Amino acid sequence: MARLPADRRAGRHVRSVLRAGFMAGAARTRGIFHDDDVSHVDRRRDRHRDPFGPQACRRGVQGGAGMRIRTRDRNRSPHGSRVIRLRVPSSGHPSYPAQRKSVPLRTRVSPPSRVPAPMHHGPAGPPLGNRMVLLHVLHALAGAMSIVCGLGVLLGIAYTVAASVLVGRFFSRPAAQPREYPGVTVAKPLHGDEWQLVQHLESFFVQNYPGPVQHLFGVHDAGDAALAAVETLRARYPDANIKVVADARLYGPNRKIGNLVNMLEHAEYSVLCLADSDVLVERDYLCAVVGALQQPDVGIVTSVYRGVASPGFWPRIAVAMTNYHFLPGVITGIFIGRARPCFGQTIAITRATLERIGGLARFAHHLAEDHALGEAVRQAGAQVVIPSFVVGHACVEETFSRLYAHELRWSCTIRAADRLGHAGSVLMHP
């Protein structure tokens with residue numbers, strides 16, 4: 001093939017270079033490639049580069065000028081683009097003066113950006129200064145809350161240690177011995193067949209009390225299932241003084257008070273012991289109660305209680321709450337003078353004191369009739385005494401809902417009786 005003259009070859013190269021530069025400029029105009037994608041190193045390098053200076057001449061090879069075109073080919077330079085050098089002859093054509101041996105025509109076409117566009121997460125947040133102020137406020141609040149929580153933990157630990165000491169001191173007190181052994185009437189309101197009802201009732205039949213004892217059992221319905229336990233005890237103890245009172249009369253919404261009022265009409269003795277059907281006592285219970293009741297200015301003798309669990313998980317939880325939360329709290333409140341309890345599980349009172357405060361019927365409209373009874377005795381000038389023994393109380397809440405309802409009712413009762421003491425119960429949970 002015949003070789004083209006030098007001037008025609010130079011013209012063809014020039015046209016190719018110009019065509020490539022034109023296409024690159026058009027691509028930039030259409031937005032196919034962006035200047036933002038060019039690295040800062042290339043920008044600094046090209047900013048001070050003279051296209052007609054010695055650097056351009058040195059870049060030329062054999063008098064030619066280099067043209068860099070960035071492509072999207074896989075074969076890339078260390079700067080991320082493929083380099084194509086187009087050489088333009090510098091001699092043999094009148095368009096290239098002798099003093100300019102090479103004309104560097106450099107066109108740079110950058111690849112599309114590989115950096116993902118910033119994600120927009122909604123409207124702009126507050127200014128930086130406001131955010132810093134907010135962070136300082138939150139930090140201060142967190143510090144204050146940590147201090148309050150730390151103080152609560154310290155107070156709870158102090159309460160636990162103090163309650164442990166006071167519980168030991170409470171039960172180490174000597175029990176008062178009776179001077180005489182008068183007759184005692186044990187009144188027990190019944191309703192339905194309960195867990196271990198026979199064992200609980202039987203604990204009052206095996207007392208080491210030398211005086212006479214009458215056992216009164218009251219129901220509102222003569223067909224109540226609890227009477228089966230009474231018949232069992234009657235067969236076991238044929239010599240015991242047992243009387244059943246079935247009377248449906250009510251004197252208010254409190255059915256327990258109505259049952260007791262109906263039973264006390266048949267009481268034979270002046271010392272009255274009112275006890276719930278789910279209470280388990282020791283053999284010296286009556287002696288301790290009568291001895292405390294014979295002390296000067298004593299109107300009521302009540303007792304603290306511990307939990308006795310029926311089979312199941314939730315009854316054991318109820319026992320733990322009774323033994324580790326309720327009992328230490330009551331004893332601590334007694335020692336510091338904040339608690340004025342009168343527990344309805346067992347209450348011993350004389351007939352004379354009961355008549356002096358107006359009888360039991362006046363408490364038929366009270367939810368916490370035991371607390372109201374104790375306050376009435378105190379207002380009459382007598383004392384409410386708690387001896388140094390404990391009785392058992394059956395915990396039979398078989399489900400969480402029943403346990404929750406029981407604890408909620410108990411908490412509401414305490415809050416109604418003593419708001420400040422109820423608020424102080426937060427210290428019982430370190």
# chains A, B, ... in the order shown; residues from 1 in each chain; ligands from 1

call {"tool": "residues_around", "arguments": {"residues": "region 277-285 of chain A", "least_positions_apart": "6", "cutoff": "9 Å", "atoms": "only C-alpha atoms", "output": "PyMOL selection string"}}
result
chain A and resi 188-191+194-197+199-209+305+308+345-346+389-395

call {"tool": "select_by_dssp", "arguments": {"residues": "region 191-358 of chain A", "states": "strand (DSSP E or B)", "output": "PyMOL selection string"}}
result
chain A and resi 213-219+241-246+271-275+279-280+298-302+304-309+346-350

call {"tool": "write_last_selection", "arguments": {"atoms": "C-alpha atoms", "output": "PDB file, in the first residue's frame"}}
result
ATOM      1  CA  VAL A 213     -62.560 -23.571 124.807  1.00  0.00           C
ATOM      2  CA  GLN A 214     -65.673 -23.205 122.660  1.00  0.00           C
ATOM      3  CA  HIS A 215     -65.403 -23.650 118.881  1.00  0.00           C
ATOM      4  CA  LEU A 216     -67.923 -21.585 116.872  1.00  0.00           C
ATOM      5  CA  PHE A 217     -68.247 -22.081 113.121  1.00  0.00           C
ATOM      6  CA  GLY A 218     -70.476 -19.819 111.083  1.00  0.00           C
ATOM      7  CA  VAL A 219     -71.812 -20.043 107.519  1.00  0.00           C
ATOM      8  CA  ASN A 241     -67.410 -27.935 122.452  1.00  0.00           C
ATOM      9  CA  ILE A 242     -68.372 -27.359 118.801  1.00  0.00           C
ATOM     10  CA  LYS A 243     -71.282 -25.260 117.582  1.00  0.00           C
ATOM     11  CA  VAL A 244     -72.280 -24.423 114.007  1.00  0.00           C
ATOM     12  CA  VAL A 245     -74.272 -21.271 113.225  1.00  0.00           C
ATOM     13  CA  ALA A 246     -75.974 -21.082 109.832  1.00  0.00           C
ATOM     14  CA  VAL A 271     -62.650 -13.839 125.801  1.00  0.00           C
ATOM     15  CA  LEU A 272     -63.267 -13.877 122.057  1.00  0.00           C
ATOM     16  CA  CYS A 273     -60.724 -15.118 119.542  1.00  0.00           C
ATOM     17  CA  LEU A 274     -61.675 -14.226 115.945  1.00  0.00           C
ATOM     18  CA  ALA A 275     -59.603 -16.234 113.465  1.00  0.00           C
ATOM     19  CA  VAL A 279     -54.837 -19.783 109.725  1.00  0.00           C
ATOM     20  CA  LEU A 280     -52.481 -22.362 111.205  1.00  0.00           C
ATOM     21  CA  VAL A 298     -54.532  -3.931 126.376  1.00  0.00           C
ATOM     22  CA  GLY A 299     -57.689  -3.972 124.264  1.00  0.00           C
ATOM     23  CA  ILE A 300     -56.735  -6.193 121.311  1.00  0.00           C
ATOM     24  CA  VAL A 301     -54.096  -8.863 120.756  1.00  0.00           C
ATOM     25  CA  THR A 302     -53.250  -9.549 117.120  1.00  0.00           C
ATOM     26  CA  VAL A 304     -48.094 -11.191 112.483  1.00  0.00           C
ATOM     27  CA  TYR A 305     -48.222 -14.070 110.044  1.00  0.00           C
ATOM     28  CA  ARG A 306     -46.061 -15.960 107.597  1.00  0.00           C
ATOM     29  CA  GLY A 307     -47.029 -17.627 104.350  1.00  0.00           C
ATOM     30  CA  VAL A 308     -47.803 -21.332 103.935  1.00  0.00           C
ATOM     31  CA  ALA A 309     -47.754 -22.352 100.278  1.00  0.00           C
ATOM     32  CA  THR A 346     -56.309 -13.514 114.391  1.00  0.00           C
ATOM     33  CA  ILE A 347     -57.827 -10.961 116.778  1.00  0.00           C
ATOM     34  CA  ALA A 348     -58.353 -11.575 120.497  1.00  0.00           C
ATOM     35  CA  ILE A 349     -60.647  -9.157 122.307  1.00  0.00           C
ATOM     36  CA  THR A 350     -62.855  -9.265 125.390  1.00  0.00           C
TER      37      THR A 350
END

call {"tool": "residues_around", "arguments": {"residues": "region 366-378 of chain A", "least_positions_apart": "5", "cutoff": "7 Å", "atoms": "only C-alpha atoms", "output": "list in words"}}
result
Asn254, Gly299, Pro341, Cys342, Phe343, Gly344, Ile357, Gln383, Val384 and Thr413 of chain A

call {"tool": "closest_residue", "arguments": {"among": "A:His365, A:Arg402, A:His220, A:Arg179", "to": "Arg249 (chain A)", "atoms": "only C-alpha atoms"}}
result
A:His220

call {"tool": "atom_distance", "arguments": {"atom1": "CA of Gly359 (chain A)", "atom2": "CA of Ala416 (chain A)"}}
result
22.8 Å

call {"tool": "atom_distance", "arguments": {"atom1": "CA of Val319 (chain A)", "atom2": "CA of Glu398 (chain A)"}}
result
12.0 Å

call {"tool": "decode", "arguments": {"residues": "region 400-416 of chain A", "atoms": "all heavy atoms", "output": "PDB file, in the first residue's frame"}}
result
ATOM      1  N   PHE A 400     -51.313 -16.274  88.098  1.00  0.00           N
ATOM      2  CA  PHE A 400     -50.760 -14.923  88.224  1.00  0.00           C
ATOM      3  C   PHE A 400     -51.860 -13.888  88.393  1.00  0.00           C
ATOM      4  O   PHE A 400     -51.697 -12.920  89.152  1.00  0.00           O
ATOM      5  CB  PHE A 400     -49.919 -14.595  86.986  1.00  0.00           C
ATOM      6  CG  PHE A 400     -49.486 -13.154  86.929  1.00  0.00           C
ATOM      7  CD1 PHE A 400     -48.447 -12.697  87.735  1.00  0.00           C
ATOM      8  CD2 PHE A 400     -50.131 -12.260  86.078  1.00  0.00           C
ATOM      9  CE1 PHE A 400     -48.063 -11.364  87.687  1.00  0.00           C
ATOM     10  CE2 PHE A 400     -49.748 -10.929  86.037  1.00  0.00           C
ATOM     11  CZ  PHE A 400     -48.705 -10.487  86.836  1.00  0.00           C
ATOM     12  N   SER A 401     -52.968 -14.052  87.689  1.00  0.00           N
ATOM     13  CA  SER A 401     -54.052 -13.070  87.789  1.00  0.00           C
ATOM     14  C   SER A 401     -54.609 -13.007  89.205  1.00  0.00           C
ATOM     15  O   SER A 401     -54.884 -11.918  89.729  1.00  0.00           O
ATOM     16  CB  SER A 401     -55.159 -13.407  86.790  1.00  0.00           C
ATOM     17  OG  SER A 401     -55.668 -14.710  87.036  1.00  0.00           O
ATOM     18  N   ARG A 402     -54.759 -14.153  89.854  1.00  0.00           N
ATOM     19  CA  ARG A 402     -55.259 -14.148  91.226  1.00  0.00           C
ATOM     20  C   ARG A 402     -54.251 -13.524  92.188  1.00  0.00           C
ATOM     21  O   ARG A 402     -54.627 -12.766  93.092  1.00  0.00           O
ATOM     22  CB  ARG A 402     -55.578 -15.580  91.658  1.00  0.00           C
ATOM     23  CG  ARG A 402     -56.776 -16.190  90.935  1.00  0.00           C
ATOM     24  CD  ARG A 402     -57.098 -17.572  91.500  1.00  0.00           C
ATOM     25  NE  ARG A 402     -58.255 -18.154  90.834  1.00  0.00           N
ATOM     26  CZ  ARG A 402     -58.744 -19.346  91.131  1.00  0.00           C
ATOM     27  NH1 ARG A 402     -58.188 -20.083  92.085  1.00  0.00           N
ATOM     28  NH2 ARG A 402     -59.807 -19.812  90.472  1.00  0.00           N
ATOM     29  N   LEU A 403     -52.992 -13.842  91.990  1.00  0.00           N
ATOM     30  CA  LEU A 403     -51.965 -13.247  92.842  1.00  0.00           C
ATOM     31  C   LEU A 403     -51.907 -11.741  92.642  1.00  0.00           C
ATOM     32  O   LEU A 403     -51.803 -10.973  93.616  1.00  0.00           O
ATOM     33  CB  LEU A 403     -50.608 -13.878  92.532  1.00  0.00           C
ATOM     34  CG  LEU A 403     -49.406 -13.305  93.278  1.00  0.00           C
ATOM     35  CD1 LEU A 403     -49.567 -13.488  94.777  1.00  0.00           C
ATOM     36  CD2 LEU A 403     -48.114 -13.946  92.788  1.00  0.00           C
ATOM     37  N   TYR A 404     -51.994 -11.304  91.406  1.00  0.00           N
ATOM     38  CA  TYR A 404     -51.959  -9.868  91.123  1.00  0.00           C
ATOM     39  C   TYR A 404     -53.162  -9.161  91.730  1.00  0.00           C
ATOM     40  O   TYR A 404     -53.031  -8.074  92.317  1.00  0.00           O
ATOM     41  CB  TYR A 404     -51.912  -9.648  89.610  1.00  0.00           C
ATOM     42  CG  TYR A 404     -51.913  -8.189  89.213  1.00  0.00           C
ATOM     43  CD1 TYR A 404     -50.757  -7.435  89.279  1.00  0.00           C
ATOM     44  CD2 TYR A 404     -53.084  -7.575  88.766  1.00  0.00           C
ATOM     45  CE1 TYR A 404     -50.757  -6.101  88.916  1.00  0.00           C
ATOM     46  CE2 TYR A 404     -53.091  -6.240  88.412  1.00  0.00           C
ATOM     47  CZ  TYR A 404     -51.924  -5.510  88.483  1.00  0.00           C
ATOM     48  OH  TYR A 404     -51.934  -4.186  88.129  1.00  0.00           O
ATOM     49  N   ALA A 405     -54.348  -9.767  91.602  1.00  0.00           N
ATOM     50  CA  ALA A 405     -55.545  -9.164  92.185  1.00  0.00           C
ATOM     51  C   ALA A 405     -55.444  -9.088  93.707  1.00  0.00           C
ATOM     52  O   ALA A 405     -55.835  -8.079  94.326  1.00  0.00           O
ATOM     53  CB  ALA A 405     -56.782  -9.958  91.771  1.00  0.00           C
ATOM     54  N   HIS A 406     -54.897 -10.124  94.323  1.00  0.00           N
ATOM     55  CA  HIS A 406     -54.738 -10.119  95.786  1.00  0.00           C
ATOM     56  C   HIS A 406     -53.766  -9.036  96.237  1.00  0.00           C
ATOM     57  O   HIS A 406     -54.042  -8.271  97.183  1.00  0.00           O
ATOM     58  CB  HIS A 406     -54.256 -11.499  96.242  1.00  0.00           C
ATOM     59  CG  HIS A 406     -54.022 -11.591  97.717  1.00  0.00           C
ATOM     60  ND1 HIS A 406     -52.785 -11.318  98.284  1.00  0.00           N
ATOM     61  CD2 HIS A 406     -54.842 -11.909  98.753  1.00  0.00           C
ATOM     62  CE1 HIS A 406     -52.861 -11.461  99.595  1.00  0.00           C
ATOM     63  NE2 HIS A 406     -54.092 -11.834  99.912  1.00  0.00           N
ATOM     64  N   GLU A 407     -52.619  -8.953  95.565  1.00  0.00           N
ATOM     65  CA  GLU A 407     -51.634  -7.945  95.950  1.00  0.00           C
ATOM     66  C   GLU A 407     -52.145  -6.535  95.665  1.00  0.00           C
ATOM     67  O   GLU A 407     -51.852  -5.604  96.429  1.00  0.00           O
ATOM     68  CB  GLU A 407     -50.320  -8.196  95.199  1.00  0.00           C
ATOM     69  CG  GLU A 407     -49.631  -9.498  95.582  1.00  0.00           C
ATOM     70  CD  GLU A 407     -49.251  -9.527  97.044  1.00  0.00           C
ATOM     71  OE1 GLU A 407     -48.874  -8.460  97.579  1.00  0.00           O
ATOM     72  OE2 GLU A 407     -49.324 -10.606  97.661  1.00  0.00           O
ATOM     73  N   LEU A 408     -52.887  -6.359  94.576  1.00  0.00           N
ATOM     74  CA  LEU A 408     -53.432  -5.038  94.263  1.00  0.00           C
ATOM     75  C   LEU A 408     -54.452  -4.608  95.318  1.00  0.00           C
ATOM     76  O   LEU A 408     -54.447  -3.444  95.766  1.00  0.00           O
ATOM     77  CB  LEU A 408     -54.066  -5.051  92.876  1.00  0.00           C
ATOM     78  CG  LEU A 408     -54.679  -3.736  92.398  1.00  0.00           C
ATOM     79  CD1 LEU A 408     -53.609  -2.652  92.302  1.00  0.00           C
ATOM     80  CD2 LEU A 408     -55.362  -3.927  91.037  1.00  0.00           C
ATOM     81  N   ARG A 409     -55.302  -5.521  95.707  1.00  0.00           N
ATOM     82  CA  ARG A 409     -56.281  -5.186  96.745  1.00  0.00           C
ATOM     83  C   ARG A 409     -55.588  -4.871  98.062  1.00  0.00           C
ATOM     84  O   ARG A 409     -55.962  -3.929  98.770  1.00  0.00           O
ATOM     85  CB  ARG A 409     -57.247  -6.359  96.922  1.00  0.00           C
ATOM     86  CG  ARG A 409     -58.350  -6.102  97.942  1.00  0.00           C
ATOM     87  CD  ARG A 409     -59.325  -7.258  97.983  1.00  0.00           C
ATOM     88  NE  ARG A 409     -58.711  -8.497  98.402  1.00  0.00           N
ATOM     89  CZ  ARG A 409     -58.558  -8.858  99.680  1.00  0.00           C
ATOM     90  NH1 ARG A 409     -58.976  -8.060 100.650  1.00  0.00           N
ATOM     91  NH2 ARG A 409     -57.995 -10.006  99.973  1.00  0.00           N
ATOM     92  N   TRP A 410     -54.565  -5.640  98.398  1.00  0.00           N
ATOM     93  CA  TRP A 410     -53.831  -5.394  99.621  1.00  0.00           C
ATOM     94  C   TRP A 410     -53.111  -4.039  99.569  1.00  0.00           C
ATOM     95  O   TRP A 410     -53.103  -3.285 100.552  1.00  0.00           O
ATOM     96  CB  TRP A 410     -52.828  -6.527  99.841  1.00  0.00           C
ATOM     97  CG  TRP A 410     -51.936  -6.346 101.025  1.00  0.00           C
ATOM     98  CD1 TRP A 410     -50.601  -6.111 101.012  1.00  0.00           C
ATOM     99  CD2 TRP A 410     -52.320  -6.385 102.405  1.00  0.00           C
ATOM    100  NE1 TRP A 410     -50.120  -5.994 102.288  1.00  0.00           N
ATOM    101  CE2 TRP A 410     -51.151  -6.163 103.171  1.00  0.00           C
ATOM    102  CE3 TRP A 410     -53.535  -6.590 103.061  1.00  0.00           C
ATOM    103  CZ2 TRP A 410     -51.169  -6.132 104.550  1.00  0.00           C
ATOM    104  CZ3 TRP A 410     -53.528  -6.559 104.450  1.00  0.00           C
ATOM    105  CH2 TRP A 410     -52.364  -6.333 105.178  1.00  0.00           C
ATOM    106  N   SER A 411     -52.521  -3.713  98.413  1.00  0.00           N
ATOM    107  CA  SER A 411     -51.832  -2.428  98.271  1.00  0.00           C
ATOM    108  C   SER A 411     -52.816  -1.264  98.376  1.00  0.00           C
ATOM    109  O   SER A 411     -52.520  -0.234  99.003  1.00  0.00           O
ATOM    110  CB  SER A 411     -51.086  -2.386  96.939  1.00  0.00           C
ATOM    111  OG  SER A 411     -50.431  -1.158  96.754  1.00  0.00           O
ATOM    112  N   CYS A 412     -53.980  -1.405  97.758  1.00  0.00           N
ATOM    113  CA  CYS A 412     -54.991  -0.342  97.857  1.00  0.00           C
ATOM    114  C   CYS A 412     -55.475  -0.181  99.301  1.00  0.00           C
ATOM    115  O   CYS A 412     -55.737   0.944  99.755  1.00  0.00           O
ATOM    116  CB  CYS A 412     -56.165  -0.658  96.932  1.00  0.00           C
ATOM    117  SG  CYS A 412     -55.773  -0.583  95.171  1.00  0.00           S
ATOM    118  N   THR A 413     -55.593  -1.290 100.017  1.00  0.00           N
ATOM    119  CA  THR A 413     -56.016  -1.211 101.418  1.00  0.00           C
ATOM    120  C   THR A 413     -54.978  -0.473 102.262  1.00  0.00           C
ATOM    121  O   THR A 413     -55.327   0.386 103.090  1.00  0.00           O
ATOM    122  CB  THR A 413     -56.246  -2.621 101.976  1.00  0.00           C
ATOM    123  OG1 THR A 413     -57.211  -3.298 101.158  1.00  0.00           O
ATOM    124  CG2 THR A 413     -56.756  -2.567 103.401  1.00  0.00           C
ATOM    125  N   ILE A 414     -53.690  -0.779 102.054  1.00  0.00           N
ATOM    126  CA  ILE A 414     -52.638  -0.088 102.796  1.00  0.00           C
ATOM    127  C   ILE A 414     -52.608   1.399 102.439  1.00  0.00           C
ATOM    128  O   ILE A 414     -52.445   2.264 103.304  1.00  0.00           O
ATOM    129  CB  ILE A 414     -51.272  -0.739 102.506  1.00  0.00           C
ATOM    130  CG1 ILE A 414     -51.258  -2.180 103.017  1.00  0.00           C
ATOM    131  CG2 ILE A 414     -50.140   0.045 103.134  1.00  0.00           C
ATOM    132  CD1 ILE A 414     -49.978  -2.914 102.698  1.00  0.00           C
ATOM    133  N   ARG A 415     -52.790   1.700 101.174  1.00  0.00           N
ATOM    134  CA  ARG A 415     -52.778   3.107 100.752  1.00  0.00           C
ATOM    135  C   ARG A 415     -53.934   3.875 101.373  1.00  0.00           C
ATOM    136  O   ARG A 415     -53.786   5.042 101.765  1.00  0.00           O
ATOM    137  CB  ARG A 415     -52.849   3.185  99.228  1.00  0.00           C
ATOM    138  CG  ARG A 415     -52.753   4.589  98.671  1.00  0.00           C
ATOM    139  CD  ARG A 415     -52.658   4.559  97.160  1.00  0.00           C
ATOM    140  NE  ARG A 415     -52.568   5.888  96.592  1.00  0.00           N
ATOM    141  CZ  ARG A 415     -53.611   6.623  96.236  1.00  0.00           C
ATOM    142  NH1 ARG A 415     -54.850   6.132  96.377  1.00  0.00           N
ATOM    143  NH2 ARG A 415     -53.454   7.839  95.731  1.00  0.00           N
ATOM    144  N   ALA A 416     -55.097   3.249 101.470  1.00  0.00           N
ATOM    145  CA  ALA A 416     -56.232   3.919 102.091  1.00  0.00           C
ATOM    146  C   ALA A 416     -56.023   4.115 103.590  1.00  0.00           C
ATOM    147  O   ALA A 416     -56.474   5.110 104.162  1.00  0.00           O
ATOM    148  CB  ALA A 416     -57.511   3.114 101.839  1.00  0.00           C
TER     149      ALA A 416
END
